[in-house]
>>> print(open('start.csv').read())   # CSV, C-alpha atoms and all ligand atoms
chain,number,residue,atom,x,y,z
A,24,MET,CA,6.4,18.0,-22.2
A,25,LYS,CA,4.1,20.9,-22.8
A,26,ILE,CA,1.4,20.6,-25.4
A,27,VAL,CA,-0.3,23.7,-26.7
A,28,LYS,CA,-3.6,23.3,-28.3
A,29,GLU,CA,-5.2,26.1,-30.1
A,30,PHE,CA,-8.9,26.2,-30.5
A,31,SER,CA,-10.1,28.4,-33.3
A,32,ARG,CA,-13.1,30.6,-33.4
A,33,PHE,CA,-16.2,28.4,-33.0
A,34,ALA,CA,-18.3,31.5,-32.2
A,35,HIS,CA,-21.7,30.0,-32.5
A,36,GLU,CA,-21.0,26.5,-31.6
A,37,TYR,CA,-23.4,24.8,-29.2
A,38,ASN,CA,-21.4,23.5,-26.2
A,39,ARG,CA,-18.6,26.0,-26.8
A,40,HIS,CA,-18.8,27.1,-23.1
A,41,ASN,CA,-17.3,23.8,-22.1
A,42,VAL,CA,-15.1,23.0,-25.1
A,43,ILE,CA,-11.9,22.8,-22.9
A,44,GLN,CA,-13.5,20.7,-20.2
A,45,SER,CA,-14.7,18.3,-23.0
A,46,GLU,CA,-11.2,18.0,-24.3
A,47,VAL,CA,-9.8,17.5,-20.8
A,48,ALA,CA,-12.3,14.7,-20.0
A,49,LYS,CA,-11.5,13.0,-23.3
A,50,ARG,CA,-7.8,13.1,-22.6
A,51,LEU,CA,-8.1,11.9,-19.0
A,52,VAL,CA,-10.3,8.9,-20.1
A,53,SER,CA,-7.8,8.1,-22.9
A,54,MET,CA,-5.1,7.6,-20.1
A,55,LEU,CA,-7.0,4.8,-18.5
A,56,ALA,CA,-5.0,1.6,-18.5
A,57,LYS,CA,-7.8,-0.9,-18.4
A,58,ASP,CA,-11.0,-1.4,-20.4
A,59,ASN,CA,-12.9,-3.1,-17.6
A,60,TYR,CA,-13.7,-1.8,-14.1
A,61,ARG,CA,-15.9,-3.1,-11.4
A,62,LYS,CA,-16.9,0.1,-9.6
A,63,VAL,CA,-16.0,3.6,-10.7
A,64,LEU,CA,-16.3,6.8,-8.7
A,65,ASP,CA,-16.4,10.1,-10.7
A,66,LEU,CA,-15.9,13.1,-8.5
A,67,GLY,CA,-17.5,16.3,-9.8
A,68,SER,CA,-19.1,14.2,-12.5
A,69,GLY,CA,-21.1,17.2,-13.8
A,70,SER,CA,-23.3,16.3,-16.8
A,71,GLY,CA,-21.3,13.1,-17.6
A,72,ALA,CA,-18.3,13.9,-19.7
A,73,VAL,CA,-16.3,11.1,-18.1
A,74,TYR,CA,-19.1,8.6,-18.3
A,75,LYS,CA,-19.8,9.4,-22.0
A,76,ASN,CA,-16.1,9.2,-22.9
A,77,MET,CA,-15.8,5.8,-21.1
A,78,THR,CA,-18.8,4.3,-22.9
A,79,GLU,CA,-17.6,5.8,-26.3
A,80,HIS,CA,-14.3,4.1,-25.8
A,81,HIS,CA,-16.0,0.8,-24.8
A,82,ILE,CA,-14.6,0.9,-21.3
A,83,HIS,CA,-16.9,-1.3,-19.3
A,84,PHE,CA,-17.9,-1.1,-15.6
A,85,ASN,CA,-20.5,-2.8,-13.4
A,86,GLU,CA,-21.3,0.3,-11.4
A,87,PHE,CA,-20.6,4.0,-12.0
A,88,ILE,CA,-21.1,6.5,-9.2
A,89,ALA,CA,-21.6,10.0,-10.4
A,90,PHE,CA,-20.7,12.2,-7.5
A,91,ASP,CA,-21.5,15.9,-7.6
A,92,PHE,CA,-22.9,18.5,-5.2
A,93,SER,CA,-25.2,20.0,-7.8
A,94,GLU,CA,-28.6,18.4,-8.3
A,95,GLU,CA,-28.9,20.4,-11.5
A,96,MET,CA,-25.7,19.0,-13.0
A,97,LEU,CA,-26.7,15.4,-11.9
A,98,SER,CA,-30.0,15.8,-13.6
A,99,LEU,CA,-28.1,16.3,-16.8
A,100,HIS,CA,-26.0,13.2,-16.2
A,101,PRO,CA,-27.1,10.1,-18.2
A,102,SER,CA,-29.1,7.6,-16.2
A,103,ALA,CA,-28.9,3.9,-16.4
A,104,GLY,CA,-29.3,0.8,-14.3
A,105,ASN,CA,-25.5,0.7,-13.5
A,106,ILE,CA,-25.3,4.5,-12.7
A,107,LYS,CA,-25.9,5.8,-9.2
A,108,LYS,CA,-26.0,9.6,-8.7
A,109,ILE,CA,-24.8,10.9,-5.4
A,110,CYS,CA,-25.4,14.5,-4.4
A,111,LEU,CA,-22.6,15.3,-1.9
A,112,ASP,CA,-19.8,17.8,-1.4
A,113,PHE,CA,-16.3,16.5,-1.8
A,114,ASN,CA,-15.0,19.2,0.6
A,115,GLN,CA,-16.9,17.5,3.5
A,116,THR,CA,-14.7,14.6,4.7
A,117,ASP,CA,-17.7,12.7,6.0
A,118,SER,CA,-19.0,12.5,2.4
A,119,PHE,CA,-16.7,9.5,2.0
A,120,GLU,CA,-17.2,7.8,5.4
A,121,SER,CA,-19.7,5.3,4.2
A,122,TYR,CA,-17.3,3.8,1.7
A,123,ALA,CA,-15.2,0.8,2.5
A,124,ASN,CA,-11.4,0.5,1.8
A,125,ASN,CA,-11.0,-0.2,-1.9
A,126,GLU,CA,-14.8,0.1,-2.4
A,127,PHE,CA,-13.9,1.2,-6.0
A,128,ASP,CA,-11.3,0.0,-8.4
A,129,LEU,CA,-11.1,3.4,-10.1
A,130,VAL,CA,-11.5,7.0,-8.8
A,131,ILE,CA,-11.5,9.6,-11.5
A,132,SER,CA,-12.1,13.4,-11.5
A,133,ALA,CA,-12.0,15.7,-14.5
A,134,SER,CA,-11.9,19.5,-14.1
A,135,ALA,CA,-13.5,19.5,-10.7
A,136,LEU,CA,-10.9,19.2,-7.9
A,137,GLN,CA,-9.5,22.7,-8.6
A,138,TRP,CA,-12.5,23.8,-6.6
A,139,SER,CA,-11.5,21.9,-3.4
A,140,GLU,CA,-11.3,24.2,-0.5
A,141,ASN,CA,-8.4,22.2,1.0
A,142,LEU,CA,-7.0,19.9,-1.7
A,143,SER,CA,-4.8,18.1,0.8
A,144,ASN,CA,-7.8,17.2,2.9
A,145,VAL,CA,-9.8,16.0,0.0
A,146,LEU,CA,-6.9,13.9,-1.4
A,147,SER,CA,-6.4,12.4,2.0
A,148,SER,CA,-10.1,11.6,2.6
A,149,ILE,CA,-10.4,9.7,-0.7
A,150,SER,CA,-7.0,7.9,-0.6
A,151,HIS,CA,-8.4,4.7,0.9
A,152,LEU,CA,-11.2,4.3,-1.7
A,153,ALA,CA,-9.3,2.7,-4.6
A,154,PRO,CA,-6.0,1.3,-5.9
A,155,GLU,CA,-6.0,3.7,-8.9
A,156,TYR,CA,-6.8,7.4,-9.4
A,157,TYR,CA,-6.9,9.7,-12.4
A,158,PHE,CA,-7.2,13.4,-11.9
A,159,ALA,CA,-7.3,16.5,-14.2
A,160,PHE,CA,-6.8,19.8,-12.4
A,161,PHE,CA,-7.0,23.2,-13.9
A,162,THR,CA,-4.2,25.3,-12.3
A,163,ALA,CA,-3.7,28.9,-11.3
A,164,LYS,CA,-2.1,29.6,-14.6
A,165,THR,CA,-5.5,29.3,-16.2
A,166,PHE,CA,-6.5,32.9,-17.2
A,167,SER,CA,-3.1,34.0,-16.0
A,168,THR,CA,-2.8,37.1,-18.3
A,169,LEU,CA,-6.3,38.1,-17.5
A,170,HIS,CA,-5.6,37.9,-13.8
A,171,GLN,CA,-2.3,39.8,-14.2
A,172,THR,CA,-4.0,42.5,-16.3
A,173,ALA,CA,-6.8,42.8,-13.7
A,174,GLY,CA,-4.3,42.7,-10.8
A,175,ILE,CA,-6.1,39.8,-9.1
A,176,GLU,CA,-5.0,36.4,-7.8
A,177,SER,CA,-6.2,33.2,-9.3
A,178,PRO,CA,-8.8,31.6,-7.0
A,179,ILE,CA,-7.5,28.1,-7.8
A,180,HIS,CA,-4.5,26.1,-6.8
A,181,THR,CA,-1.0,26.5,-8.3
A,182,LYS,CA,0.8,23.6,-9.9
A,183,GLU,CA,3.2,23.5,-6.9
A,184,SER,CA,0.5,23.4,-4.3
A,185,ILE,CA,-1.3,20.6,-6.2
A,186,GLU,CA,1.9,18.6,-6.3
A,187,ASN,CA,2.6,19.3,-2.7
A,188,ALA,CA,-0.8,17.9,-1.8
A,189,LEU,CA,-0.5,14.9,-4.1
A,190,LYS,CA,2.9,13.8,-2.9
A,191,LYS,CA,1.7,13.5,0.7
A,192,TYR,CA,-0.6,10.6,-0.1
A,193,TYR,CA,0.1,9.3,-3.5
A,194,ASP,CA,2.9,8.2,-5.9
A,195,TYR,CA,2.0,9.8,-9.2
A,196,GLU,CA,2.9,10.5,-12.8
A,197,MET,CA,1.9,13.9,-14.2
A,198,ASP,CA,1.6,15.5,-17.6
A,199,GLU,CA,0.7,19.1,-18.2
A,200,ALA,CA,-1.1,20.8,-21.1
A,201,GLU,CA,-1.7,24.3,-22.1
A,202,TYR,CA,-4.8,25.3,-24.1
A,203,HIS,CA,-5.6,28.5,-25.8
A,204,LEU,CA,-9.2,29.4,-26.7
A,205,ASN,CA,-9.7,32.2,-29.2
A,206,PHE,CA,-12.4,34.9,-29.0
A,207,ASN,CA,-13.5,37.8,-31.1
A,208,SER,CA,-13.6,40.2,-28.2
A,209,VAL,CA,-12.7,40.5,-24.5
A,210,HIS,CA,-16.4,41.0,-23.8
A,211,GLU,CA,-17.0,37.5,-25.3
A,212,MET,CA,-14.2,36.1,-23.2
A,213,LEU,CA,-15.7,37.4,-20.0
A,214,ARG,CA,-19.1,36.0,-20.9
A,215,TYR,CA,-17.4,32.6,-21.5
A,216,ILE,CA,-15.7,32.7,-18.1
A,217,LYS,CA,-19.0,33.4,-16.4
A,218,ARG,CA,-20.7,30.5,-18.1
A,219,SER,CA,-17.8,28.0,-18.1
A,220,GLY,CA,-17.4,27.4,-14.4
A,221,VAL,CA,-13.7,26.7,-15.0
A,222,SER,CA,-12.1,29.3,-12.8
A,223,GLY,CA,-13.6,32.7,-12.3
A,224,GLY,CA,-11.9,35.5,-10.4
A,225,SER,CA,-13.7,37.9,-12.7
A,226,GLY,CA,-16.5,38.0,-10.0
A,227,GLN,CA,-14.0,39.9,-7.8
A,228,LEU,CA,-14.1,42.8,-10.3
A,229,SER,CA,-16.3,45.9,-10.2
A,230,TYR,CA,-18.0,47.1,-13.4
A,231,LYS,CA,-15.3,49.8,-13.7
A,232,GLN,CA,-12.5,47.3,-13.3
A,233,MET,CA,-14.2,45.1,-15.8
A,234,LYS,CA,-14.3,48.0,-18.4
A,235,GLN,CA,-10.6,48.7,-17.7
A,236,LEU,CA,-9.7,45.1,-18.1
A,237,MET,CA,-11.5,44.9,-21.5
A,238,SER,CA,-9.5,47.8,-22.8
A,239,MET,CA,-6.2,46.5,-21.6
A,240,TYR,CA,-6.3,42.7,-22.1
A,241,PRO,CA,-3.5,42.1,-24.7
A,242,LEU,CA,-4.5,38.7,-26.0
A,243,GLU,CA,-7.1,37.4,-28.4
A,244,TYR,CA,-7.4,34.2,-26.4
A,245,LEU,CA,-7.8,32.8,-22.9
A,246,GLU,CA,-5.1,30.6,-21.5
A,247,PHE,CA,-5.7,27.3,-19.6
A,248,GLU,CA,-3.2,25.1,-17.9
A,249,VAL,CA,-4.3,21.5,-16.9
A,250,LEU,CA,-2.4,18.8,-15.0
A,251,PHE,CA,-3.2,15.2,-15.9
A,252,VAL,CA,-2.3,12.9,-13.1
A,253,LYS,CA,-2.3,9.1,-12.7
A,254,ALA,CA,-1.8,8.2,-9.0
A,255,ILE,CA,-1.7,5.3,-6.6
A,256,PRO,CA,-2.0,5.7,-2.9
A,257,LYS,CA,1.3,5.6,-1.0
A,258,GLY,CA,2.2,2.3,0.5
A,259,LEU,CA,0.3,0.2,-2.1
B,1,LIG,C1,-16.2,22.1,-14.6
B,1,LIG,S1,-17.3,20.9,-14.1
B,1,LIG,C2,-16.6,19.4,-14.7
B,1,LIG,C3,-17.7,18.3,-14.9
B,1,LIG,C4,-17.2,17.0,-15.6
B,1,LIG,N1,-16.3,16.3,-14.7
B,1,LIG,C5,-16.5,17.2,-16.9
B,1,LIG,O1,-15.4,16.8,-17.0
B,1,LIG,O2,-17.1,17.9,-17.8
B,1,LIG,C6,-17.0,20.8,-12.3
B,1,LIG,C7,-18.1,19.9,-11.6
B,1,LIG,O3,-17.6,19.8,-10.3
B,1,LIG,C8,-18.8,20.0,-9.4
B,1,LIG,N2,-18.2,20.4,-8.1
B,1,LIG,C9,-17.6,21.5,-7.8
B,1,LIG,N3,-17.3,21.6,-6.5
B,1,LIG,C10,-17.8,20.4,-5.9
B,1,LIG,C11,-17.8,19.9,-4.6
B,1,LIG,N4,-17.3,20.6,-3.6
B,1,LIG,N5,-18.4,18.7,-4.4
B,1,LIG,C12,-18.9,18.0,-5.4
B,1,LIG,N6,-19.0,18.5,-6.7
B,1,LIG,C13,-18.4,19.7,-6.9
B,1,LIG,C14,-19.6,21.0,-10.1
B,1,LIG,O4,-21.0,21.0,-9.7
B,1,LIG,C15,-19.4,20.6,-11.6
B,1,LIG,O5,-20.4,19.7,-12.0
>>> encode(input="start.csv", output="structure tokens", more="lines below")
Ligand SMILES: C[S@@+](CC[C@H](N)C(=O)[O-])C[C@H]1O[C@@H](n2cnc3c(N)ncnc32)[C@H](O)[C@@H]1O
Amino acid sequence: MKIVKEFSRFAHEYNRHNVIQSEVAKRLVSMLAKDNYRKVLDLGSGSGAVYKNMTEHHIHFNEFIAFDFSEEMLSLHPSAGNIKKICLDFNQTDSFESYANNEFDLVISASALQWSENLSNVLSSISHLAPEYYFAFFTAKTFSTLHQTAGIESPIHTKESIENALKKYYDYEMDEAEYHLNFNSVHEMLRYIKRSGVSGGSGQLSYKQMKQLMSMYPLEYLEFEVLFVKAIPKGL
């Protein structure tokens, strides 16, 4: 079922730039079936939205691996005795070579894997790491009207290509959600896109194209489509 969530104008709200990602991390964590894990891997952990939601919901773990290729993001991630920060790129298959089969009992990734260069390769190279996976992917329908108006292609994966990659290695259940985020002007929207790190594409535009886009964009909001997936590796 499709859920549409409207976010009203929080023009000056601190943290507004990642309001959708916050919502996505919250929902992904609310899908977790257990409240106790031994060792968790958070791919593209960023500043810790998954970690924070897990602790807020009293979901316990002995060890939490915050995995991100940005030192800067990892420096914003909470630190604690049971958190290990790993600065590596999930697009490099050797990033996972040092981990044993089922080294983790949970692999989770919120709003990050849409950036994988080859999703199929990434999903394959992590498929031995745990018995349970939870993923939230933004899809190519994110900013769809904006991309259409500008005549550019989304830089991120379509729902179909995500499903094609998933079904090679996992059995999965999927739910999708559509979010709308309102703005006072197209200018503000473009600023948001620059800062949010969700899914650009606007970087492909010249100043002139940008101006044209601002005069032609028909909506007062930006669209986001997110897939929420619970998966287990095939053959388990
Ligand atoms: C939109 S943020 C999401 C952060 C966090 N998971 C959340 O839910 O708020 C995406 C994160 O993925 C990280 N990331 C993107 N591509 C990556 C890659 N190839 N390898 C590792 N981390 C990556 C970025 O540095 C960023 O911190």
>>> atom_distance(input="start.csv", atom1="atom C12 of ligand LIG 1 (chain B)", atom2="CA of Gly67 in chain A")
4.9 Å
>>> closest_atom_pairs(input="start.csv", of="chain A", to="ligand LIG 1 (chain B)", cutoff="8 Å", atoms="all atoms listed in the file", output="CSV")
residue,atom,partner,partner_atom,distance
A:Asn41,CA,B:LIG1,O2,7.3
A:Gln44,CA,B:LIG1,O2,5.2
A:Ser45,CA,B:LIG1,O2,5.7
A:Val47,CA,B:LIG1,O1,6.8
A:Ala48,CA,B:LIG1,O1,4.8
A:Asp65,CA,B:LIG1,N1,7.4
A:Leu66,CA,B:LIG1,N6,6.5
A:Gly67,CA,B:LIG1,O3,3.5
A:Ser68,CA,B:LIG1,N1,4.1
A:Gly69,CA,B:LIG1,O5,3.2
A:Ser70,CA,B:LIG1,C3,6.2
A:Gly71,CA,B:LIG1,C4,6.0
A:Ala72,CA,B:LIG1,O2,4.6
A:Val73,CA,B:LIG1,O1,5.9
A:Phe90,CA,B:LIG1,C12,6.4
A:Asp91,CA,B:LIG1,N6,3.7
A:Phe92,CA,B:LIG1,C12,4.0
A:Ser93,CA,B:LIG1,O4,4.7
A:Met96,CA,B:LIG1,O5,5.4
A:Leu97,CA,B:LIG1,O5,7.6
A:Cys110,CA,B:LIG1,C12,7.4
A:Leu111,CA,B:LIG1,C12,5.8
A:Asp112,CA,B:LIG1,N5,3.4
A:Phe113,CA,B:LIG1,N5,4.0
A:Asn114,CA,B:LIG1,N4,5.0
A:Gln115,CA,B:LIG1,N4,7.8
A:Ser132,CA,B:LIG1,N1,6.0
A:Ala133,CA,B:LIG1,N1,4.3
A:Ser134,CA,B:LIG1,C2,4.7
A:Ala135,CA,B:LIG1,C6,4.1
A:Leu136,CA,B:LIG1,N3,7.0
A:Trp138,CA,B:LIG1,N3,5.3
A:Ser139,CA,B:LIG1,N4,5.9
A:Glu140,CA,B:LIG1,N4,7.7
A:Ser219,CA,B:LIG1,C1,7.0
A:Gly220,CA,B:LIG1,C1,5.4
A:Val221,CA,B:LIG1,C1,5.3
>>> closest_residue(input="start.csv", among="A:Lys182, A:Lys231, A:His203, A:His151", to="Ile255 in chain A", atoms="all atoms listed in the file")
A:His151
>>> atom_distance(input="start.csv", atom1="CA of Leu51 in chain A", atom2="CA of His83 in chain A")
15.9 Å
>>> residues_around(input="start.csv", residues="Leu242 in chain A", least_positions_apart="6", cutoff="9 Å", atoms="only C-alpha atoms", output="CSV table (one decimal) with C-alpha atoms, keeping the file's coordinate frame")
chain,number,residue,atom,x,y,z
A,168,THR,CA,-2.8,37.1,-18.3
A,169,LEU,CA,-6.3,38.1,-17.5
A,205,ASN,CA,-9.7,32.2,-29.2
A,209,VAL,CA,-12.7,40.5,-24.5
>>> build_atoms(input="start.csv", residues="range 126-149 of chain A", atoms="N, CA and C atoms", output="mmCIF file, in the coordinates of the input")
data_model
loop_
_atom_site.group_PDB
_atom_site.id
_atom_site.type_symbol
_atom_site.label_atom_id
_atom_site.label_comp_id
_atom_site.auth_asym_id
_atom_site.auth_seq_id
_atom_site.Cartn_x
_atom_site.Cartn_y
_atom_site.Cartn_z
ATOM 1 N N GLU A 126 -13.408 0.247 -1.966
ATOM 2 C CA GLU A 126 -14.800 0.100 -2.400
ATOM 3 C C GLU A 126 -14.835 0.179 -3.982
ATOM 4 N N PHE A 127 -13.939 1.008 -4.512
ATOM 5 C CA PHE A 127 -13.900 1.200 -6.000
ATOM 6 C C PHE A 127 -12.619 0.654 -6.530
ATOM 7 N N ASP A 128 -12.621 0.355 -7.816
ATOM 8 C CA ASP A 128 -11.300 0.000 -8.400
ATOM 9 C C ASP A 128 -10.782 1.168 -9.231
ATOM 10 N N LEU A 129 -11.584 2.232 -9.380
ATOM 11 C CA LEU A 129 -11.100 3.400 -10.100
ATOM 12 C C LEU A 129 -11.801 4.660 -9.485
ATOM 13 N N VAL A 130 -10.988 5.675 -9.123
ATOM 14 C CA VAL A 130 -11.500 7.000 -8.800
ATOM 15 C C VAL A 130 -11.024 7.953 -9.855
ATOM 16 N N ILE A 131 -11.933 8.691 -10.468
ATOM 17 C CA ILE A 131 -11.500 9.600 -11.500
ATOM 18 C C ILE A 131 -12.204 10.961 -11.294
ATOM 19 N N SER A 132 -11.521 12.027 -11.687
ATOM 20 C CA SER A 132 -12.100 13.400 -11.500
ATOM 21 C C SER A 132 -11.559 14.292 -12.569
ATOM 22 N N ALA A 133 -12.421 14.816 -13.413
ATOM 23 C CA ALA A 133 -12.000 15.700 -14.500
ATOM 24 C C ALA A 133 -12.507 17.122 -14.237
ATOM 25 N N SER A 134 -11.594 18.076 -14.184
ATOM 26 C CA SER A 134 -11.900 19.500 -14.100
ATOM 27 C C SER A 134 -12.801 19.879 -12.923
ATOM 28 N N ALA A 135 -12.646 19.198 -11.812
ATOM 29 C CA ALA A 135 -13.500 19.500 -10.700
ATOM 30 C C ALA A 135 -12.690 19.813 -9.389
ATOM 31 N N LEU A 136 -11.606 19.075 -9.164
ATOM 32 C CA LEU A 136 -10.900 19.200 -7.900
ATOM 33 C C LEU A 136 -10.179 20.520 -7.695
ATOM 34 N N GLN A 137 -10.066 21.319 -8.764
ATOM 35 C CA GLN A 137 -9.500 22.700 -8.600
ATOM 36 C C GLN A 137 -10.339 23.482 -7.631
ATOM 37 N N TRP A 138 -11.606 23.040 -7.459
ATOM 38 C CA TRP A 138 -12.500 23.800 -6.600
ATOM 39 C C TRP A 138 -12.450 23.301 -5.137
ATOM 40 N N SER A 139 -11.563 22.348 -4.831
ATOM 41 C CA SER A 139 -11.500 21.900 -3.400
ATOM 42 C C SER A 139 -10.995 22.987 -2.550
ATOM 43 N N GLU A 140 -11.665 23.163 -1.402
ATOM 44 C CA GLU A 140 -11.300 24.200 -0.500
ATOM 45 C C GLU A 140 -9.891 23.911 0.112
ATOM 46 N N ASN A 141 -9.709 22.641 0.462
ATOM 47 C CA ASN A 141 -8.400 22.200 1.000
ATOM 48 C C ASN A 141 -8.068 20.911 0.265
ATOM 49 N N LEU A 142 -7.285 21.058 -0.799
ATOM 50 C CA LEU A 142 -7.000 19.900 -1.700
ATOM 51 C C LEU A 142 -6.370 18.765 -0.919
ATOM 52 N N SER A 143 -5.470 19.114 -0.009
ATOM 53 C CA SER A 143 -4.800 18.100 0.800
ATOM 54 C C SER A 143 -5.795 17.251 1.549
ATOM 55 N N ASN A 144 -6.770 17.903 2.173
ATOM 56 C CA ASN A 144 -7.800 17.200 2.900
ATOM 57 C C ASN A 144 -8.617 16.260 2.029
ATOM 58 N N VAL A 145 -8.996 16.800 0.871
ATOM 59 C CA VAL A 145 -9.800 16.000 0.000
ATOM 60 C C VAL A 145 -9.026 14.784 -0.508
ATOM 61 N N LEU A 146 -7.767 15.017 -0.907
ATOM 62 C CA LEU A 146 -6.900 13.900 -1.400
ATOM 63 C C LEU A 146 -6.717 12.866 -0.319
ATOM 64 N N SER A 147 -6.576 13.332 0.917
ATOM 65 C CA SER A 147 -6.400 12.400 2.000
ATOM 66 C C SER A 147 -7.690 11.609 2.262
ATOM 67 N N SER A 148 -8.832 12.296 2.253
ATOM 68 C CA SER A 148 -10.100 11.600 2.600
ATOM 69 C C SER A 148 -10.546 10.613 1.545
ATOM 70 N N ILE A 149 -9.991 10.699 0.335
ATOM 71 C CA ILE A 149 -10.400 9.700 -0.700
ATOM 72 C C ILE A 149 -9.311 8.648 -0.924
#
